[in-house]
Amino acid sequence: MAPVRYIDAITQRYASLGYAPYRWYVADDKPSFAPLKKPLSQSRLGVLTTSGCYVAGQVAYHYKDDASIRLIPMDTPVDRLRFAHITENYLVDARRDPECLVPLTALRAVRDEGVVGALGDAAISCMGGIYSQRRVREELIPQVEGTFKQQQVDIALLVPM
Amino acid sequence: MSLAARHLEALGIPTLCLGSALDILEAGAPPRAVFVDYPLGHSTGKPFDRADQARVLRAALSAFETIKSPGTIVHLSSDWPDDGWREAAGSTRGDDTRMPRDTTPQYQTDEDRRLAEASLMRS
């Protein structure tokens, strides 16, 4: 079957309810392209999840343009992972099995088996439902950039919800 | 997500977005993407299926080395057991499923709230 067209469906749904349209980011030019500097098996992998994941004991996200990040140590027991995201309806399964959004077991396995050279010591997490693109650019992205640089990652896997 | 990917890539960090909303990936045009045709909320595989989660992650990582052209979206084979979710996900009618927008932390459990607040008290 054809993939779901979320933008059309949700735009029409909100319009029928009389709500303002959600403004997805639409690129107006081709992206940059940075070649890998070394093979995957020698690269340190950074991970960013926008699923609203946090570790039990950390402060949860709020739902009004929360542009903060949490660090999820790669050795976190999976049963300590929690989620808070403005579209909670998509979290039903992740709250039962967090690894359908934050696959720590699979990440540790690709590190241990040498598929990647190493992992950043923690995945970066944020709550992706931020309506202000300005806040994404000015607040969120600098934190992500700074953390990846500190972790000295060579490549970054970004996992939207 | 695509904004972050494009920014990091411009700094020289190769990125790969792994997502399950094809049209949102197409609109954002990240440098490299892998599309898995599962319901939203399962970007890294089926729940309680460690083999599928490993498959999705490994396939995504291999795309770091196979994608040679900016903006490429690789489609992973996906076999969600039924297609019933598609109708609701693609419906142009229905309620707004978003939660209210305010600045109160939204804990998954009351225990999380107690743990976090105790931690804040100590710091």
# chains A, B, ... in the order shown; residues from 1 in each chain; ligands from 1
>>> residues_around(residues="Ser62 (chain B)", least_positions_apart="5", cutoff="10 Å", atoms="only C-alpha atoms", output="ChimeraX atom specification")
/A:40,115-116 /B:57,67
>>> residues_around(residues="Leu36 (chain A)", least_positions_apart="3", cutoff="9 Å", atoms="only C-alpha atoms", output="list in words")
Pro39, Leu40, Ser43, Asp154 and Ile155 of chain A; Gly12, Ile13, Pro14, Phe64 and Glu65 of chain B
>>> atom_distance(atom1="CA of Tyr107 (chain B)", atom2="CA of His85 (chain A)")
9.9 Å
>>> residues_around(residues="Tyr38 (chain B)", least_positions_apart="2", cutoff="10 Å", atoms="only C-alpha atoms", output="number ranges by chain")
A: 3-4; B: 19-21, 35-36, 40-46, 78-81, 83, 85-86
>>> write_last_selection(atoms="N, CA, C and O atoms", output="compact mmCIF listing (two decimals), in the first residue's frame")
# COMPACT_ATOMS: atom_id res chain seq x y z
N PRO A 3 2.48 4.73 1.02
CA PRO A 3 2.76 5.35 2.33
C PRO A 3 1.74 6.43 2.68
O PRO A 3 1.22 7.11 1.79
N VAL A 4 1.46 6.57 3.97
CA VAL A 4 0.52 7.59 4.44
C VAL A 4 1.09 8.98 4.16
O VAL A 4 2.28 9.22 4.37
N GLY B 19 13.21 7.47 9.56
CA GLY B 19 11.87 7.86 9.95
C GLY B 19 10.78 7.08 9.23
O GLY B 19 11.05 6.34 8.28
N SER B 20 9.56 7.24 9.70
CA SER B 20 8.45 6.49 9.13
C SER B 20 7.34 7.40 8.58
O SER B 20 6.22 6.94 8.40
N ALA B 21 7.66 8.65 8.29
CA ALA B 21 6.72 9.54 7.59
C ALA B 21 7.41 10.00 6.31
O ALA B 21 8.22 10.94 6.32
N PHE B 35 13.61 5.28 5.05
CA PHE B 35 12.17 5.27 5.35
C PHE B 35 11.73 3.86 5.69
O PHE B 35 11.98 2.93 4.93
N VAL B 36 11.11 3.73 6.86
CA VAL B 36 10.54 2.44 7.24
C VAL B 36 9.03 2.63 7.36
O VAL B 36 8.56 3.50 8.11
N LEU B 40 3.63 5.66 12.78
CA LEU B 40 4.46 6.60 13.56
C LEU B 40 4.60 6.08 14.99
O LEU B 40 3.66 5.56 15.57
N GLY B 41 5.80 6.27 15.52
CA GLY B 41 6.06 5.76 16.87
C GLY B 41 6.85 4.46 16.86
O GLY B 41 7.09 3.87 17.90
N HIS B 42 7.26 4.01 15.66
CA HIS B 42 8.00 2.74 15.54
C HIS B 42 9.15 2.89 14.55
O HIS B 42 9.43 1.98 13.77
N SER B 43 9.83 4.04 14.63
CA SER B 43 10.89 4.31 13.63
C SER B 43 11.99 3.28 13.67
O SER B 43 12.70 3.10 12.67
N THR B 44 12.21 2.62 14.80
CA THR B 44 13.32 1.67 14.90
C THR B 44 12.83 0.24 15.08
O THR B 44 13.59 -0.61 15.55
N GLY B 45 11.60 -0.03 14.67
CA GLY B 45 11.17 -1.42 14.61
C GLY B 45 9.91 -1.72 15.39
O GLY B 45 9.36 -0.88 16.09
N LYS B 46 9.50 -2.97 15.25
CA LYS B 46 8.27 -3.41 15.91
C LYS B 46 8.49 -3.57 17.41
O LYS B 46 9.59 -3.99 17.83
N SER B 78 9.33 -3.44 4.67
CA SER B 78 8.58 -3.32 5.93
C SER B 78 7.39 -4.26 5.84
O SER B 78 6.70 -4.29 4.83
N ASP B 79 7.17 -5.00 6.89
CA ASP B 79 6.04 -5.95 6.85
C ASP B 79 5.24 -5.87 8.15
O ASP B 79 5.14 -6.84 8.88
N TRP B 80 4.70 -4.68 8.42
CA TRP B 80 3.81 -4.55 9.58
C TRP B 80 2.66 -5.53 9.38
O TRP B 80 2.14 -5.66 8.27
N PRO B 81 2.26 -6.22 10.43
CA PRO B 81 1.34 -7.34 10.23
C PRO B 81 -0.04 -6.98 9.66
O PRO B 81 -0.70 -7.83 9.08
N ASP B 83 -2.67 -3.60 7.84
CA ASP B 83 -2.69 -2.25 7.29
C ASP B 83 -3.80 -1.39 7.88
O ASP B 83 -4.08 -0.30 7.38
N TRP B 85 -3.96 0.42 10.43
CA TRP B 85 -3.53 1.72 10.96
C TRP B 85 -3.51 2.81 9.90
O TRP B 85 -3.62 4.00 10.22
N ARG B 86 -3.39 2.42 8.65
CA ARG B 86 -3.17 3.44 7.60
C ARG B 86 -4.38 4.35 7.43
O ARG B 86 -4.24 5.55 7.20
>>> interface_residues(of="chain A", to="chain B", cutoff="6 Å", atoms="only C-alpha atoms", output="number ranges by chain")
A: 4-5, 9, 12-13, 25-27, 31-34, 56-64, 84, 86-87, 90-91, 97, 100-101, 106, 141, 155-161
>>> select_by_dssp(residues="region 69-110 of chain B", states="helix (DSSP H, G or I)", output="MDAnalysis selection string")
chainID B and resid 84:89 110
>>> write_last_selection(atoms="C-alpha atoms", output="PDB file, in the first residue's frame")
ATOM      1  CA  GLY B  84      -5.544  -1.169   9.519  1.00  0.00           C
ATOM      2  CA  TRP B  85      -3.533   1.722  10.961  1.00  0.00           C
ATOM      3  CA  ARG B  86      -3.172   3.437   7.597  1.00  0.00           C
ATOM      4  CA  GLU B  87      -6.759   4.571   7.316  1.00  0.00           C
ATOM      5  CA  ALA B  88      -6.788   6.334  10.678  1.00  0.00           C
ATOM      6  CA  ALA B  89      -3.295   7.778  10.168  1.00  0.00           C
ATOM      7  CA  ASP B 110       3.908   9.690  39.161  1.00  0.00           C
TER       8      ASP B 110
END
>>> residues_around(residues="Asp79 (chain A)", least_positions_apart="3", cutoff="12 Å", atoms="only C-alpha atoms", output="list of chain:residue names")
A:Tyr54, A:Val55, A:Ala56, A:Asp75, A:Thr76, A:Arg82, A:Phe83, A:Ala94, A:Arg95, A:Arg96, A:Asp97, A:Pro98, A:Glu99, A:Val102, A:Pro103, A:Leu104, A:Thr105
>>> write_last_selection(atoms="all heavy atoms", output="tab-separated table (two decimals), in the first residue's frame")
chain	number	residue	atom	x	y	z
A	54	TYR	N	13.13	10.32	28.01
A	54	TYR	CA	13.94	10.74	29.16
A	54	TYR	C	14.15	9.53	30.04
A	54	TYR	O	13.50	8.49	29.86
A	54	TYR	CB	13.28	11.89	29.93
A	54	TYR	CG	11.96	11.57	30.60
A	54	TYR	CD1	11.91	11.24	31.96
A	54	TYR	CD2	10.76	11.61	29.89
A	54	TYR	CE1	10.69	10.95	32.58
A	54	TYR	CE2	9.56	11.33	30.51
A	54	TYR	CZ	9.52	10.99	31.86
A	54	TYR	OH	8.32	10.71	32.47
A	55	VAL	N	15.11	9.63	30.95
A	55	VAL	CA	15.39	8.54	31.87
A	55	VAL	C	14.65	8.83	33.18
A	55	VAL	O	14.62	9.98	33.63
A	55	VAL	CB	16.90	8.41	32.14
A	55	VAL	CG1	17.19	7.23	33.08
A	55	VAL	CG2	17.67	8.25	30.83
A	56	ALA	N	14.05	7.81	33.77
A	56	ALA	CA	13.39	7.99	35.06
A	56	ALA	C	14.34	8.68	36.02
A	56	ALA	O	15.49	8.26	36.18
A	56	ALA	CB	12.95	6.64	35.61
A	75	ASP	N	24.30	2.97	28.25
A	75	ASP	CA	24.17	1.77	29.08
A	75	ASP	C	22.93	1.81	29.99
A	75	ASP	O	22.79	1.00	30.90
A	75	ASP	CB	25.44	1.56	29.92
A	75	ASP	CG	25.74	2.75	30.83
A	75	ASP	OD1	24.99	3.76	30.77
A	75	ASP	OD2	26.72	2.68	31.59
A	76	THR	N	22.01	2.74	29.71
A	76	THR	CA	20.79	2.84	30.51
A	76	THR	C	19.96	1.55	30.38
A	76	THR	O	19.72	1.09	29.26
A	76	THR	CB	19.93	4.03	30.03
A	76	THR	OG1	20.72	5.22	30.10
A	76	THR	CG2	18.68	4.19	30.90
A	82	ARG	N	11.59	6.56	29.58
A	82	ARG	CA	10.23	7.09	29.61
A	82	ARG	C	10.05	8.05	28.43
A	82	ARG	O	11.04	8.48	27.82
A	82	ARG	CB	10.00	7.88	30.91
A	82	ARG	CG	10.27	7.10	32.17
A	82	ARG	CD	9.17	6.09	32.48
A	82	ARG	NE	9.37	5.50	33.78
A	82	ARG	CZ	10.11	4.40	34.01
A	82	ARG	NH1	10.70	3.79	33.01
A	82	ARG	NH2	10.25	3.92	35.24
A	83	PHE	N	8.82	8.45	28.18
A	83	PHE	CA	8.54	9.35	27.06
A	83	PHE	C	7.53	10.41	27.44
A	83	PHE	O	6.55	10.13	28.15
A	83	PHE	CB	7.98	8.57	25.86
A	83	PHE	CG	8.95	7.60	25.28
A	83	PHE	CD1	9.02	6.29	25.75
A	83	PHE	CD2	9.82	7.98	24.26
A	83	PHE	CE1	9.93	5.39	25.22
A	83	PHE	CE2	10.73	7.09	23.74
A	83	PHE	CZ	10.78	5.79	24.21
A	94	ALA	N	5.75	2.60	22.46
A	94	ALA	CA	7.07	2.94	23.02
A	94	ALA	C	7.04	2.94	24.55
A	94	ALA	O	8.04	2.65	25.19
A	94	ALA	CB	7.53	4.29	22.50
A	95	ARG	N	5.90	3.25	25.12
A	95	ARG	CA	5.83	3.23	26.58
A	95	ARG	C	5.78	1.79	27.10
A	95	ARG	O	6.03	1.56	28.27
A	95	ARG	CB	4.62	4.05	27.06
A	95	ARG	CG	4.91	5.55	26.95
A	95	ARG	CD	3.75	6.41	27.36
A	95	ARG	NE	4.20	7.79	27.58
A	95	ARG	CZ	3.39	8.82	27.78
A	95	ARG	NH1	2.07	8.63	27.77
A	95	ARG	NH2	3.88	10.02	27.98
A	96	ARG	N	5.49	0.82	26.23
A	96	ARG	CA	5.57	-0.60	26.62
A	96	ARG	C	6.94	-1.16	26.25
A	96	ARG	O	7.53	-1.92	27.02
A	96	ARG	CB	4.47	-1.40	25.91
A	96	ARG	CG	3.05	-0.93	26.27
A	96	ARG	CD	1.99	-1.87	25.69
A	96	ARG	NE	2.12	-2.03	24.25
A	96	ARG	CZ	2.18	-3.21	23.63
A	96	ARG	NH1	2.10	-4.33	24.31
A	96	ARG	NH2	2.31	-3.27	22.31
A	97	ASP	N	7.41	-0.81	25.07
A	97	ASP	CA	8.75	-1.23	24.63
A	97	ASP	C	9.48	-0.03	24.03
A	97	ASP	O	9.34	0.26	22.84
A	97	ASP	CB	8.67	-2.35	23.59
A	97	ASP	CG	10.08	-2.69	23.10
A	97	ASP	OD1	11.07	-2.35	23.79
A	97	ASP	OD2	10.20	-3.29	22.00
A	98	PRO	N	10.28	0.65	24.86
A	98	PRO	CA	10.96	1.87	24.38
A	98	PRO	C	11.83	1.66	23.16
A	98	PRO	O	12.13	2.60	22.43
A	98	PRO	CB	11.82	2.27	25.59
A	98	PRO	CG	11.13	1.67	26.77
A	98	PRO	CD	10.56	0.37	26.26
A	99	GLU	N	12.22	0.42	22.90
A	99	GLU	CA	13.20	0.20	21.83
A	99	GLU	C	12.59	0.28	20.43
A	99	GLU	O	13.32	0.21	19.45
A	99	GLU	CB	13.92	-1.12	22.05
A	99	GLU	CG	14.65	-1.09	23.40
A	99	GLU	CD	15.80	-2.05	23.48
A	99	GLU	OE1	16.91	-1.66	23.08
A	99	GLU	OE2	15.58	-3.18	23.95
A	102	VAL	N	13.86	4.00	20.69
A	102	VAL	CA	15.22	4.21	21.19
A	102	VAL	C	15.87	2.83	21.40
A	102	VAL	O	15.80	2.26	22.48
A	102	VAL	CB	15.20	5.01	22.52
A	102	VAL	CG1	16.62	5.32	22.97
A	102	VAL	CG2	14.41	6.31	22.35
A	103	PRO	N	16.49	2.30	20.34
A	103	PRO	CA	16.91	0.89	20.36
A	103	PRO	C	18.28	0.68	21.01
A	103	PRO	O	19.26	0.34	20.36
A	103	PRO	CB	16.93	0.52	18.88
A	103	PRO	CG	17.34	1.80	18.21
A	103	PRO	CD	16.73	2.93	19.03
A	104	LEU	N	18.35	0.87	22.32
A	104	LEU	CA	19.65	0.78	23.00
A	104	LEU	C	20.28	-0.60	22.85
A	104	LEU	O	21.49	-0.71	22.68
A	104	LEU	CB	19.48	1.12	24.48
A	104	LEU	CG	19.10	2.58	24.81
A	104	LEU	CD1	19.02	2.79	26.31
A	104	LEU	CD2	20.08	3.56	24.19
A	105	THR	N	19.47	-1.66	22.91
A	105	THR	CA	20.03	-3.01	22.77
A	105	THR	C	20.70	-3.17	21.40
A	105	THR	O	21.83	-3.66	21.29
A	105	THR	CB	18.93	-4.07	22.94
A	105	THR	OG1	18.33	-3.91	24.22
A	105	THR	CG2	19.49	-5.48	22.82
>>> closest_residue(among="A:Tyr14, A:Tyr19, A:Phe148, A:Tyr131", to="Asp66 (chain A)", atoms="only C-alpha atoms")
A:Tyr131
>>> residues_around(residues="Gly146 (chain A)", least_positions_apart="6", cutoff="12 Å", atoms="only C-alpha atoms", output="VMD selection string")
(chain A and resid 46 69 124 139 to 140 152 to 153) or (chain B and resid 8 11)
>>> residues_around(residues="Cys126 (chain A)", least_positions_apart="2", cutoff="6 Å", atoms="only C-alpha atoms", output="PyMOL selection string")
chain A and resi 50+52+69+128
